[in-house]
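Engineer: See target34.cif below, with mmCIF, C-alpha atoms; chains and numbers go by the auth columns.
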```cif
data_data
#
loop_
_atom_site.group_PDB
_atom_site.id
_atom_site.type_symbol
_atom_site.label_atom_id
_atom_site.label_comp_id
_atom_site.label_asym_id
_atom_site.label_seq_id
_atom_site.Cartn_x
_atom_site.Cartn_y
_atom_site.Cartn_z
_atom_site.B_iso_or_equiv
_atom_site.auth_seq_id
_atom_site.auth_asym_id
ATOM 1 C CA MET A 1 -0.176 -4.724 -20.941 0.00 1 A
ATOM 2 C CA ARG A 2 -0.709 -1.110 -19.944 0.00 2 A
ATOM 3 C CA ALA A 3 -1.602 0.169 -16.475 0.00 3 A
ATOM 4 C CA SER A 4 -1.828 3.504 -14.701 0.00 4 A
ATOM 5 C CA LEU A 5 -0.140 4.306 -11.420 0.00 5 A
ATOM 6 C CA PHE A 6 -2.331 5.857 -8.739 0.00 6 A
ATOM 7 C CA ILE A 7 0.539 7.378 -6.851 0.00 7 A
ATOM 8 C CA THR A 8 -1.248 8.447 -3.579 0.00 8 A
ATOM 9 C CA CYS A 9 -0.393 11.573 -1.574 0.00 9 A
ATOM 10 C CA LEU A 10 2.125 10.114 0.890 0.00 10 A
ATOM 11 C CA ILE A 11 4.091 8.218 -1.747 0.00 11 A
ATOM 12 C CA ASP A 12 4.096 11.177 -4.128 0.00 12 A
ATOM 13 C CA ASN A 13 5.235 13.707 -1.549 0.00 13 A
ATOM 14 C CA LEU A 14 7.321 11.697 0.933 0.00 14 A
ATOM 15 C CA TYR A 15 8.198 8.267 -0.476 0.00 15 A
ATOM 16 C CA PRO A 16 8.631 8.571 -4.270 0.00 16 A
ATOM 17 C CA HIS A 17 11.134 5.671 -4.231 0.00 17 A
ATOM 18 C CA VAL A 18 8.165 3.373 -3.448 0.00 18 A
ATOM 19 C CA ALA A 19 6.458 4.445 -6.675 0.00 19 A
ATOM 20 C CA GLU A 20 9.719 3.995 -8.554 0.00 20 A
ATOM 21 C CA SER A 21 10.053 0.456 -7.159 0.00 21 A
ATOM 22 C CA ILE A 22 6.514 -0.419 -8.259 0.00 22 A
ATOM 23 C CA VAL A 23 7.132 0.878 -11.785 0.00 23 A
ATOM 24 C CA ARG A 24 10.486 -0.886 -12.131 0.00 24 A
ATOM 25 C CA ILE A 25 9.106 -4.220 -10.895 0.00 25 A
ATOM 26 C CA LEU A 26 6.062 -4.098 -13.168 0.00 26 A
ATOM 27 C CA ASP A 27 8.264 -3.107 -16.103 0.00 27 A
ATOM 28 C CA ARG A 28 10.032 -6.470 -15.716 0.00 28 A
ATOM 29 C CA TYR A 29 6.702 -8.133 -16.556 0.00 29 A
ATOM 30 C CA ASP A 30 6.072 -5.928 -19.587 0.00 30 A
ATOM 31 C CA VAL A 31 3.518 -3.769 -17.806 0.00 31 A
ATOM 32 C CA ARG A 32 3.892 -0.292 -19.253 0.00 32 A
ATOM 33 C CA ILE A 33 2.965 2.288 -16.640 0.00 33 A
ATOM 34 C CA ASP A 34 1.584 5.770 -17.215 0.00 34 A
ATOM 35 C CA VAL A 35 0.962 8.333 -14.486 0.00 35 A
ATOM 36 C CA PRO A 36 -2.055 10.542 -15.271 0.00 36 A
ATOM 37 C CA LYS A 37 -1.107 14.061 -14.227 0.00 37 A
ATOM 38 C CA THR A 38 -4.644 15.106 -13.312 0.00 38 A
ATOM 39 C CA GLN A 39 -4.964 12.554 -10.503 0.00 39 A
ATOM 40 C CA THR A 40 -5.380 13.883 -6.966 0.00 40 A
ATOM 41 C CA CYS A 41 -5.998 12.551 -3.470 0.00 41 A
ATOM 42 C CA CYS A 42 -8.636 9.798 -3.314 0.00 42 A
ATOM 43 C CA GLY A 43 -10.664 11.903 -0.862 0.00 43 A
ATOM 44 C CA GLN A 44 -10.137 9.672 2.139 0.00 44 A
ATOM 45 C CA PRO A 45 -9.021 12.391 4.613 0.00 45 A
ATOM 46 C CA ALA A 46 -12.108 14.494 3.895 0.00 46 A
ATOM 47 C CA TYR A 47 -14.419 11.471 3.937 0.00 47 A
ATOM 48 C CA ASN A 48 -13.042 10.183 7.244 0.00 48 A
ATOM 49 C CA SER A 49 -13.494 13.662 8.719 0.00 49 A
ATOM 50 C CA GLY A 50 -17.163 13.780 7.796 0.00 50 A
ATOM 51 C CA TYR A 51 -16.887 16.045 4.748 0.00 51 A
ATOM 52 C CA ALA A 52 -18.707 13.835 2.251 0.00 52 A
ATOM 53 C CA ASP A 53 -19.428 16.580 -0.299 0.00 53 A
ATOM 54 C CA GLU A 54 -15.790 17.657 -0.402 0.00 54 A
ATOM 55 C CA ALA A 55 -14.653 14.024 -0.611 0.00 55 A
ATOM 56 C CA ARG A 56 -17.064 13.446 -3.512 0.00 56 A
ATOM 57 C CA THR A 57 -15.595 16.413 -5.407 0.00 57 A
ATOM 58 C CA VAL A 58 -12.064 15.097 -4.947 0.00 58 A
ATOM 59 C CA ALA A 59 -13.065 11.528 -5.784 0.00 59 A
ATOM 60 C CA ALA A 60 -14.655 12.697 -9.032 0.00 60 A
ATOM 61 C CA THR A 61 -11.228 13.875 -10.207 0.00 61 A
ATOM 62 C CA LEU A 62 -10.007 10.273 -10.036 0.00 62 A
ATOM 63 C CA LEU A 63 -12.938 9.110 -12.121 0.00 63 A
ATOM 64 C CA ASP A 64 -11.798 11.544 -14.808 0.00 64 A
ATOM 65 C CA ALA A 65 -8.066 10.882 -14.420 0.00 65 A
ATOM 66 C CA PHE A 66 -8.363 7.102 -14.833 0.00 66 A
ATOM 67 C CA GLU A 67 -11.317 6.988 -17.202 0.00 67 A
ATOM 68 C CA GLU A 68 -9.278 5.426 -20.003 0.00 68 A
ATOM 69 C CA SER A 69 -6.992 3.218 -17.878 0.00 69 A
ATOM 70 C CA GLU A 70 -7.057 -0.551 -18.353 0.00 70 A
ATOM 71 C CA TYR A 71 -5.725 -1.193 -14.853 0.00 71 A
ATOM 72 C CA ILE A 72 -5.049 1.170 -11.946 0.00 72 A
ATOM 73 C CA ILE A 73 -2.253 0.105 -9.590 0.00 73 A
ATOM 74 C CA THR A 74 -1.470 1.698 -6.242 0.00 74 A
ATOM 75 C CA GLY A 75 0.990 1.093 -3.443 0.00 75 A
ATOM 76 C CA SER A 76 -1.628 1.790 -0.792 0.00 76 A
ATOM 77 C CA GLY A 77 -4.229 -0.711 0.332 0.00 77 A
ATOM 78 C CA SER A 78 -5.897 2.129 2.200 0.00 78 A
ATOM 79 C CA CYS A 79 -6.452 4.300 -0.880 0.00 79 A
ATOM 80 C CA ALA A 80 -7.475 1.317 -3.006 0.00 80 A
ATOM 81 C CA GLY A 81 -9.835 0.351 -0.187 0.00 81 A
ATOM 82 C CA MET A 82 -11.384 3.819 -0.348 0.00 82 A
ATOM 83 C CA ILE A 83 -12.175 3.276 -4.032 0.00 83 A
ATOM 84 C CA HIS A 84 -13.505 -0.241 -3.469 0.00 84 A
ATOM 85 C CA HIS A 85 -15.469 0.282 -0.275 0.00 85 A
ATOM 86 C CA ASP A 86 -16.388 3.966 -0.021 0.00 86 A
ATOM 87 C CA TYR A 87 -16.801 5.249 -3.587 0.00 87 A
ATOM 88 C CA PRO A 88 -20.013 3.205 -4.055 0.00 88 A
ATOM 89 C CA LEU A 89 -21.396 4.996 -0.987 0.00 89 A
ATOM 90 C CA LEU A 90 -20.162 8.423 -2.069 0.00 90 A
ATOM 91 C CA PHE A 91 -21.779 8.227 -5.497 0.00 91 A
ATOM 92 C CA LYS A 92 -24.880 6.177 -4.732 0.00 92 A
ATOM 93 C CA SER A 93 -27.252 9.121 -5.341 0.00 93 A
ATOM 94 C CA ASP A 94 -25.954 9.741 -8.882 0.00 94 A
ATOM 95 C CA ALA A 95 -26.471 6.750 -11.183 0.00 95 A
ATOM 96 C CA ARG A 96 -24.083 8.016 -13.857 0.00 96 A
ATOM 97 C CA LEU A 97 -21.214 8.662 -11.440 0.00 97 A
ATOM 98 C CA ALA A 98 -21.999 5.460 -9.520 0.00 98 A
ATOM 99 C CA ALA A 99 -21.554 3.465 -12.730 0.00 99 A
ATOM 100 C CA ARG A 100 -18.212 5.163 -13.409 0.00 100 A
ATOM 101 C CA ALA A 101 -17.116 4.524 -9.816 0.00 101 A
ATOM 102 C CA GLU A 102 -17.999 0.851 -10.182 0.00 102 A
ATOM 103 C CA LYS A 103 -15.870 0.607 -13.332 0.00 103 A
ATOM 104 C CA LEU A 104 -12.983 2.301 -11.518 0.00 104 A
ATOM 105 C CA LYS A 105 -13.373 -0.146 -8.634 0.00 105 A
ATOM 106 C CA GLN A 106 -13.238 -3.179 -10.937 0.00 106 A
ATOM 107 C CA ARG A 107 -9.956 -1.977 -12.457 0.00 107 A
ATOM 108 C CA THR A 108 -8.161 -0.836 -9.282 0.00 108 A
ATOM 109 C CA TYR A 109 -5.628 -3.075 -7.533 0.00 109 A
ATOM 110 C CA GLU A 110 -3.206 -2.756 -4.660 0.00 110 A
ATOM 111 C CA PHE A 111 0.330 -3.591 -5.872 0.00 111 A
ATOM 112 C CA SER A 112 0.704 -7.074 -4.308 0.00 112 A
ATOM 113 C CA GLN A 113 -2.779 -8.133 -5.402 0.00 113 A
ATOM 114 C CA PHE A 114 -2.045 -7.101 -8.975 0.00 114 A
ATOM 115 C CA LEU A 115 1.309 -8.857 -8.997 0.00 115 A
ATOM 116 C CA VAL A 116 0.013 -12.151 -7.551 0.00 116 A
ATOM 117 C CA ASN A 117 -3.616 -12.333 -8.671 0.00 117 A
ATOM 118 C CA VAL A 118 -3.510 -10.628 -12.074 0.00 118 A
ATOM 119 C CA LEU A 119 0.025 -11.271 -13.321 0.00 119 A
ATOM 120 C CA GLY A 120 0.369 -14.617 -11.526 0.00 120 A
ATOM 121 C CA VAL A 121 3.801 -13.674 -10.125 0.00 121 A
ATOM 122 C CA GLN A 122 4.905 -15.169 -6.813 0.00 122 A
ATOM 123 C CA ASP A 123 8.690 -15.056 -7.177 0.00 123 A
ATOM 124 C CA VAL A 124 10.240 -11.838 -8.431 0.00 124 A
ATOM 125 C CA GLY A 125 13.766 -13.248 -8.218 0.00 125 A
ATOM 126 C CA ALA A 126 14.803 -11.238 -5.194 0.00 126 A
ATOM 127 C CA ARG A 127 17.393 -11.989 -2.532 0.00 127 A
ATOM 128 C CA PHE A 128 17.264 -10.334 0.884 0.00 128 A
ATOM 129 C CA PRO A 129 19.460 -11.955 3.555 0.00 129 A
ATOM 130 C CA HIS A 130 17.790 -10.343 6.562 0.00 130 A
ATOM 131 C CA ARG A 131 15.261 -11.095 9.306 0.00 131 A
ATOM 132 C CA VAL A 132 11.929 -9.516 8.272 0.00 132 A
ATOM 133 C CA THR A 133 8.456 -9.245 9.773 0.00 133 A
ATOM 134 C CA TYR A 134 5.245 -8.129 8.088 0.00 134 A
ATOM 135 C CA HIS A 135 2.488 -5.781 9.312 0.00 135 A
ATOM 136 C CA PRO A 136 -0.879 -6.207 7.505 0.00 136 A
ATOM 137 C CA SER A 137 -2.574 -2.817 7.369 0.00 137 A
ATOM 138 C CA CYS A 138 -6.203 -2.628 8.482 0.00 138 A
ATOM 139 C CA HIS A 139 -7.723 -0.962 5.418 0.00 139 A
ATOM 140 C CA GLY A 140 -5.915 -3.243 3.003 0.00 140 A
ATOM 141 C CA ALA A 141 -6.839 -6.391 4.876 0.00 141 A
ATOM 142 C CA ARG A 142 -10.381 -5.501 5.913 0.00 142 A
ATOM 143 C CA LEU A 143 -11.654 -3.242 3.132 0.00 143 A
ATOM 144 C CA LEU A 144 -9.697 -4.603 0.186 0.00 144 A
ATOM 145 C CA GLY A 145 -9.339 -8.239 1.209 0.00 145 A
ATOM 146 C CA ILE A 146 -5.544 -8.439 1.027 0.00 146 A
ATOM 147 C CA LYS A 147 -4.718 -11.766 2.649 0.00 147 A
ATOM 148 C CA ASP A 148 -1.786 -13.936 1.589 0.00 148 A
ATOM 149 C CA GLU A 149 -0.406 -11.967 -1.361 0.00 149 A
ATOM 150 C CA PRO A 150 2.348 -9.978 0.444 0.00 150 A
ATOM 151 C CA GLU A 151 3.554 -12.960 2.458 0.00 151 A
ATOM 152 C CA THR A 152 3.457 -15.163 -0.657 0.00 152 A
ATOM 153 C CA LEU A 153 5.826 -12.755 -2.385 0.00 153 A
ATOM 154 C CA LEU A 154 8.058 -12.433 0.673 0.00 154 A
ATOM 155 C CA SER A 155 8.229 -16.192 1.233 0.00 155 A
ATOM 156 C CA ARG A 156 9.774 -16.643 -2.247 0.00 156 A
ATOM 157 C CA VAL A 157 12.584 -14.180 -1.571 0.00 157 A
ATOM 158 C CA LYS A 158 15.873 -16.053 -1.283 0.00 158 A
ATOM 159 C CA GLU A 159 17.724 -16.042 2.051 0.00 159 A
ATOM 160 C CA ILE A 160 15.025 -13.999 3.775 0.00 160 A
ATOM 161 C CA GLU A 161 14.138 -14.979 7.339 0.00 161 A
ATOM 162 C CA LEU A 162 10.442 -14.157 7.537 0.00 162 A
ATOM 163 C CA VAL A 163 9.122 -14.137 11.097 0.00 163 A
ATOM 164 C CA LYS A 164 5.515 -13.782 12.246 0.00 164 A
ATOM 165 C CA LEU A 165 4.580 -10.532 13.954 0.00 165 A
ATOM 166 C CA PRO A 166 2.653 -11.167 17.197 0.00 166 A
ATOM 167 C CA TYR A 167 -0.859 -9.704 17.071 0.00 167 A
ATOM 168 C CA ALA A 168 -0.122 -8.697 13.485 0.00 168 A
ATOM 169 C CA SER A 169 -3.734 -7.824 12.656 0.00 169 A
ATOM 170 C CA ASP A 170 -3.952 -5.258 15.465 0.00 170 A
ATOM 171 C CA CYS A 171 -4.137 -1.662 14.179 0.00 171 A
ATOM 172 C CA CYS A 172 -0.977 0.450 14.470 0.00 172 A
ATOM 173 C CA GLY A 173 -3.048 3.424 15.615 0.00 173 A
ATOM 174 C CA PHE A 174 -2.587 5.587 12.521 0.00 174 A
ATOM 175 C CA GLY A 175 -5.971 5.580 10.812 0.00 175 A
ATOM 176 C CA GLY A 176 -5.323 8.941 9.149 0.00 176 A
ATOM 177 C CA THR A 177 -7.350 11.479 11.095 0.00 177 A
ATOM 178 C CA PHE A 178 -7.676 9.053 14.030 0.00 178 A
ATOM 179 C CA ALA A 179 -4.025 9.705 14.911 0.00 179 A
ATOM 180 C CA VAL A 180 -4.817 13.433 15.080 0.00 180 A
ATOM 181 C CA LYS A 181 -8.177 13.306 16.821 0.00 181 A
ATOM 182 C CA MET A 182 -7.260 10.569 19.302 0.00 182 A
ATOM 183 C CA ALA A 183 -3.550 11.222 19.710 0.00 183 A
ATOM 184 C CA ASP A 184 -3.125 9.593 23.125 0.00 184 A
ATOM 185 C CA ILE A 185 -4.918 6.395 22.133 0.00 185 A
ATOM 186 C CA SER A 186 -3.058 6.330 18.817 0.00 186 A
ATOM 187 C CA ALA A 187 0.298 6.692 20.585 0.00 187 A
ATOM 188 C CA ALA A 188 -0.538 3.824 22.934 0.00 188 A
ATOM 189 C CA MET A 189 -1.523 1.610 20.011 0.00 189 A
ATOM 190 C CA VAL A 190 1.643 2.244 18.009 0.00 190 A
ATOM 191 C CA SER A 191 3.769 1.690 21.117 0.00 191 A
ATOM 192 C CA GLU A 192 2.144 -1.716 21.507 0.00 192 A
ATOM 193 C CA LYS A 193 2.837 -2.429 17.834 0.00 193 A
ATOM 194 C CA THR A 194 6.530 -1.532 18.121 0.00 194 A
ATOM 195 C CA ALA A 195 6.829 -3.658 21.264 0.00 195 A
ATOM 196 C CA HIS A 196 5.617 -6.646 19.262 0.00 196 A
ATOM 197 C CA ILE A 197 8.031 -5.790 16.440 0.00 197 A
ATOM 198 C CA ARG A 198 10.911 -5.797 18.923 0.00 198 A
ATOM 199 C CA GLU A 199 9.797 -9.236 20.159 0.00 199 A
ATOM 200 C CA THR A 200 10.536 -10.659 16.697 0.00 200 A
ATOM 201 C CA SER A 201 14.133 -9.366 16.686 0.00 201 A
ATOM 202 C CA ALA A 202 13.483 -8.473 13.046 0.00 202 A
ATOM 203 C CA GLN A 203 15.878 -6.158 11.230 0.00 203 A
ATOM 204 C CA TYR A 204 13.148 -4.957 8.873 0.00 204 A
ATOM 205 C CA LEU A 205 9.427 -4.295 9.100 0.00 205 A
ATOM 206 C CA VAL A 206 7.604 -4.458 5.776 0.00 206 A
ATOM 207 C CA GLY A 207 4.045 -3.436 4.845 0.00 207 A
ATOM 208 C CA THR A 208 1.829 -2.332 1.983 0.00 208 A
ATOM 209 C CA ASP A 209 0.661 1.081 3.159 0.00 209 A
ATOM 210 C CA MET A 210 2.925 4.059 3.779 0.00 210 A
ATOM 211 C CA GLY A 211 0.498 5.665 6.252 0.00 211 A
ATOM 212 C CA CYS A 212 0.930 2.788 8.688 0.00 212 A
ATOM 213 C CA LEU A 213 4.617 2.420 7.929 0.00 213 A
ATOM 214 C CA MET A 214 5.233 6.141 8.488 0.00 214 A
ATOM 215 C CA ASN A 215 3.463 5.959 11.835 0.00 215 A
ATOM 216 C CA ILE A 216 5.355 2.861 12.973 0.00 216 A
ATOM 217 C CA ASP A 217 8.691 4.157 11.658 0.00 217 A
ATOM 218 C CA GLY A 218 8.245 7.399 13.571 0.00 218 A
ATOM 219 C CA ARG A 219 7.663 5.517 16.812 0.00 219 A
ATOM 220 C CA LEU A 220 10.588 3.159 16.180 0.00 220 A
ATOM 221 C CA GLN A 221 12.899 6.121 15.599 0.00 221 A
ATOM 222 C CA HIS A 222 11.556 7.862 18.707 0.00 222 A
ATOM 223 C CA GLU A 223 12.409 4.735 20.690 0.00 223 A
ATOM 224 C CA GLY A 224 15.918 4.585 19.218 0.00 224 A
ATOM 225 C CA SER A 225 15.205 1.285 17.471 0.00 225 A
ATOM 226 C CA SER A 226 17.465 0.022 14.691 0.00 226 A
ATOM 227 C CA VAL A 227 14.557 -1.694 12.886 0.00 227 A
ATOM 228 C CA GLN A 228 14.271 -0.392 9.333 0.00 228 A
ATOM 229 C CA VAL A 229 10.889 0.061 7.645 0.00 229 A
ATOM 230 C CA LYS A 230 10.198 -0.649 3.972 0.00 230 A
ATOM 231 C CA HIS A 231 7.227 -0.837 1.674 0.00 231 A
ATOM 232 C CA LEU A 232 6.843 -4.305 0.129 0.00 232 A
ATOM 233 C CA ALA A 233 7.657 -2.993 -3.363 0.00 233 A
ATOM 234 C CA GLU A 234 10.773 -1.288 -2.070 0.00 234 A
ATOM 235 C CA LEU A 235 12.036 -4.457 -0.365 0.00 235 A
ATOM 236 C CA LEU A 236 11.333 -6.587 -3.440 0.00 236 A
ATOM 237 C CA TYR A 237 13.091 -4.188 -5.802 0.00 237 A
ATOM 238 C CA ASP A 238 16.091 -3.843 -3.476 0.00 238 A
ATOM 239 C CA GLY A 239 16.144 -7.643 -3.341 0.00 239 A
ATOM 240 C CA ILE A 240 16.054 -7.941 -7.122 0.00 240 A
ATOM 241 C CA GLN A 241 18.971 -5.562 -7.440 0.00 241 A
ATOM 242 C CA LEU A 242 20.877 -7.468 -4.769 0.00 242 A
ATOM 243 C CA ALA A 243 20.225 -10.802 -6.494 0.00 243 A
ATOM 244 C CA GLU A 244 21.461 -9.371 -9.781 0.00 244 A
ATOM 245 C CA GLY A 245 24.539 -7.797 -8.243 0.00 245 A
ATOM 246 C CA ALA A 246 23.397 -4.275 -9.026 0.00 246 A
ATOM 247 C CA ILE A 247 23.921 -3.162 -5.420 0.00 247 A
#
```
Let me see the structure of the file written as C-alpha cells.

Structural biologist:
Amino acid sequence: MRASLFITCLIDNLYPHVAESIVRILDRYDVRIDVPKTQTCCGQPAYNSGYADEARTVAATLLDAFEESEYIITGSGSCAGMIHHDYPLLFKSDARLAARAEKLKQRTYEFSQFLVNVLGVQDVGARFPHRVTYHPSCHGARLLGIKDEPETLLSRVKEIELVKLPYASDCCGFGGTFAVKMADISAAMVSEKTAHIRETSAQYLVGTDMGCLMNIDGRLQHEGSSVQVKHLAELLYDGIQLAEGAI
C-alpha cells in the first residue's frame, strides 16, 4: 500500500520526530510513504481569521499536491478536520474544485484513524512502563470524529498505566488564533487543563494534535511540572523500540 504524508506546519517546523514516528510505524505494516514537496499549510490559520479567499488559495495547493495520492495521512486531527469539515465550504461555489476537495476528503485520515480503521491495527507491539493520560483534541474529536482509536492503541501497550483525564473533552484553550486573540481566556483554560493533568499523577500526557500539545506543554513547563508531553505516534514508536530492546 502507498500513502502520502501530510506533514502539517507545526510538525514540519517544530516536531519532525512526530512525522518520523508516523513513517516508521506505517512502514512496519508495508505502507510506503511519500511526502509531496509541493504541499503547504492547509489554510486553517487564514480561514479561522476570516480570510476565506486567502485560505482557498492555500487549500488549492493541497488539492494539487495530493491529487495522485491513494491515501493521505496526517498527525493532526485539526488539519485533517479542516479538510473534512471546511474544504467543502471553501470550494462550494466552484463545482470542479468542490469535486476535487471531496475526493481529497475521502482519502484523508488522521494517523490513529488510519492505523485502526483502515489497517485494522490495534496492537503495535509497544511497551511503555509509565503512567499516561490522554487529551482528546477538540477539532479531531468534533470535526473529524476521532473517538476510541487513540485509547484503543494505548490500551494495548504493554505495562502502560493509562489513567482517565478529568474533563478530558474540555478545550485546552489553544484553538490556533483563539490563543492569540483571547490570550487571557486561553491562559485560564490551559491552566485548568494542566490542573486536571496533575490530578492524574501521570508521568506523560499524550494526544493527537501538536497544536494542543504545544500549548499544554508550554503551560506545564511554565508551572515547573515534570509531566512529559508526547504525540501518540511518538509514544507508540518509542514503545516499539523499548519492547524490541532498541533503546

Engineer: Using only C-alpha atoms, which residues sit within 9 Å of Tyr204 (chain A) once same-chain residues fewer than 6 positions away are excluded, as a PyMOL selection string?

Structural biologist: chain A and resi 130-134+226-230

Engineer: On this structure, which residues satisfy the PyMOL selection byres ((chain A and resi 166) around 9), written as a JSON list (two decimals) with C-alpha atoms, in the coordinates of the input?

Structural biologist:
```json
[["chain", "number", "residue", "atom", "x", "y", "z"],
["A", 164, "LYS", "CA", 5.52, -13.78, 12.25],
["A", 165, "LEU", "CA", 4.58, -10.53, 13.95],
["A", 167, "TYR", "CA", -0.86, -9.70, 17.07],
["A", 168, "ALA", "CA", -0.12, -8.70, 13.48],
["A", 169, "SER", "CA", -3.73, -7.82, 12.66],
["A", 193, "LYS", "CA", 2.84, -2.43, 17.83],
["A", 196, "HIS", "CA", 5.62, -6.65, 19.26],
["A", 197, "ILE", "CA", 8.03, -5.79, 16.44],
["A", 199, "GLU", "CA", 9.80, -9.24, 20.16],
["A", 200, "THR", "CA", 10.54, -10.66, 16.70]]
```

Engineer: I'd like the interatomic distance between CA of Met82 (chain A) and CA of Ala59 (chain A), to a tenth of an Å.

Structural biologist: 9.6 Å

Engineer: If the PyMOL selection byres ((chain A and resi 173-185) around 9) is run on the structure shown, which residues does it catch, given as a list in words?

Structural biologist: Gln44, Pro45, Asn48, Ser49, Cys138, His139, Asp170, Cys171, Cys172, Ser186, Ala187, Ala188, Met189, Val190, Ser191, Lys193, Gly211, Cys212, Met214, Asn215 and Ile216 of chain A

Engineer: Enclose region 30-33 of chain A, meaning all of its atoms listed in the file, in a box aligned along x, y and z, pad it by 3 Å on each side, and list the centre and edge lengths in Å to one decimal, as lines of an AutoDock Vina configuration file.

Structural biologist:
```
center_x = 4.5
center_y = -1.8
center_z = -18.1
size_x = 9.1
size_y = 14.2
size_z = 8.9
```

Engineer: Taking (-19.3, 6.0, -4.4) in the file's coordinates, which residues come within 12 Å, counting only C-alpha atoms, written as a PyMOL selection string?

Structural biologist: chain A and resi 42-44+47+52-53+55-60+62-63+81-105

Engineer: Could the residues of region 99-188 of chain A that have an atom at most 10 Å from region 17-22 of chain A be listed as CSV, each with its closest atom pair and the distance in Å to one decimal, counting only C-alpha atoms and ordered by chain and ascending residue number?

Structural biologist:
```
residue,atom,partner,partner_atom,distance
A:Phe111,CA,A:Ile22,CA,7.3
A:Ser112,CA,A:Ile22,CA,9.7
A:Leu115,CA,A:Ile22,CA,9.9
```

Engineer: How many Å lie between CA of Leu236 (chain A) and CA of Arg107 (chain A), rounded to one decimal?

Structural biologist: 23.6 Å

Engineer: With all atoms listed in the file as the counted atoms, please give the residues lying no more than 8 Å from Ala243 (chain A), apart from itself and same-chain residues fewer than 3 positions off, as a list in words.

Structural biologist: Gly125, Ala126, Arg127, Phe128, Gly239, Ile240 and Ala246 of chain A

Engineer: Using only C-alpha atoms, give me every residue within 12 Å of (4.5, -0.1, -3.2) in file coordinates, as a JSON list (two decimals) with C-alpha atoms, in the coordinates of the input.

Structural biologist:
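Saved the output as point13.json:
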```
[["chain", "number", "residue", "atom", "x", "y", "z"],
["A", 5, "LEU", "CA", -0.14, 4.31, -11.42],
["A", 6, "PHE", "CA", -2.33, 5.86, -8.74],
["A", 7, "ILE", "CA", 0.54, 7.38, -6.85],
["A", 8, "THR", "CA", -1.25, 8.45, -3.58],
["A", 10, "LEU", "CA", 2.12, 10.11, 0.89],
["A", 11, "ILE", "CA", 4.09, 8.22, -1.75],
["A", 12, "ASP", "CA", 4.10, 11.18, -4.13],
["A", 15, "TYR", "CA", 8.20, 8.27, -0.48],
["A", 16, "PRO", "CA", 8.63, 8.57, -4.27],
["A", 17, "HIS", "CA", 11.13, 5.67, -4.23],
["A", 18, "VAL", "CA", 8.16, 3.37, -3.45],
["A", 19, "ALA", "CA", 6.46, 4.44, -6.68],
["A", 20, "GLU", "CA", 9.72, 4.00, -8.55],
["A", 21, "SER", "CA", 10.05, 0.46, -7.16],
["A", 22, "ILE", "CA", 6.51, -0.42, -8.26],
["A", 23, "VAL", "CA", 7.13, 0.88, -11.78],
["A", 24, "ARG", "CA", 10.49, -0.89, -12.13],
["A", 25, "ILE", "CA", 9.11, -4.22, -10.90],
["A", 26, "LEU", "CA", 6.06, -4.10, -13.17],
["A", 73, "ILE", "CA", -2.25, 0.10, -9.59],
["A", 74, "THR", "CA", -1.47, 1.70, -6.24],
["A", 75, "GLY", "CA", 0.99, 1.09, -3.44],
["A", 76, "SER", "CA", -1.63, 1.79, -0.79],
["A", 77, "GLY", "CA", -4.23, -0.71, 0.33],
["A", 78, "SER", "CA", -5.90, 2.13, 2.20],
["A", 109, "TYR", "CA", -5.63, -3.08, -7.53],
["A", 110, "GLU", "CA", -3.21, -2.76, -4.66],
["A", 111, "PHE", "CA", 0.33, -3.59, -5.87],
["A", 112, "SER", "CA", 0.70, -7.07, -4.31],
["A", 113, "GLN", "CA", -2.78, -8.13, -5.40],
["A", 114, "PHE", "CA", -2.04, -7.10, -8.98],
["A", 115, "LEU", "CA", 1.31, -8.86, -9.00],
["A", 150, "PRO", "CA", 2.35, -9.98, 0.44],
["A", 206, "VAL", "CA", 7.60, -4.46, 5.78],
["A", 207, "GLY", "CA", 4.04, -3.44, 4.84],
["A", 208, "THR", "CA", 1.83, -2.33, 1.98],
["A", 209, "ASP", "CA", 0.66, 1.08, 3.16],
["A", 210, "MET", "CA", 2.92, 4.06, 3.78],
["A", 211, "GLY", "CA", 0.50, 5.66, 6.25],
["A", 213, "LEU", "CA", 4.62, 2.42, 7.93],
["A", 230, "LYS", "CA", 10.20, -0.65, 3.97],
["A", 231, "HIS", "CA", 7.23, -0.84, 1.67],
["A", 232, "LEU", "CA", 6.84, -4.30, 0.13],
["A", 233, "ALA", "CA", 7.66, -2.99, -3.36],
["A", 234, "GLU", "CA", 10.77, -1.29, -2.07],
["A", 235, "LEU", "CA", 12.04, -4.46, -0.36],
["A", 236, "LEU", "CA", 11.33, -6.59, -3.44],
["A", 237, "TYR", "CA", 13.09, -4.19, -5.80]]
```

Engineer: Could you jot down the CA of Ala65 (chain A) to CA of Thr40 (chain A) separation for me, Å, one decimal place?

Structural biologist: 8.5 Å

Engineer: For region 69-72 of chain A, find every residue with an atom within 6 Å (counting only C-alpha atoms), except residues of its own chain fewer than 2 positions away, and show them as an NGL selection string.

Structural biologist: :A and (3-5 or 66-67 or 107-108)
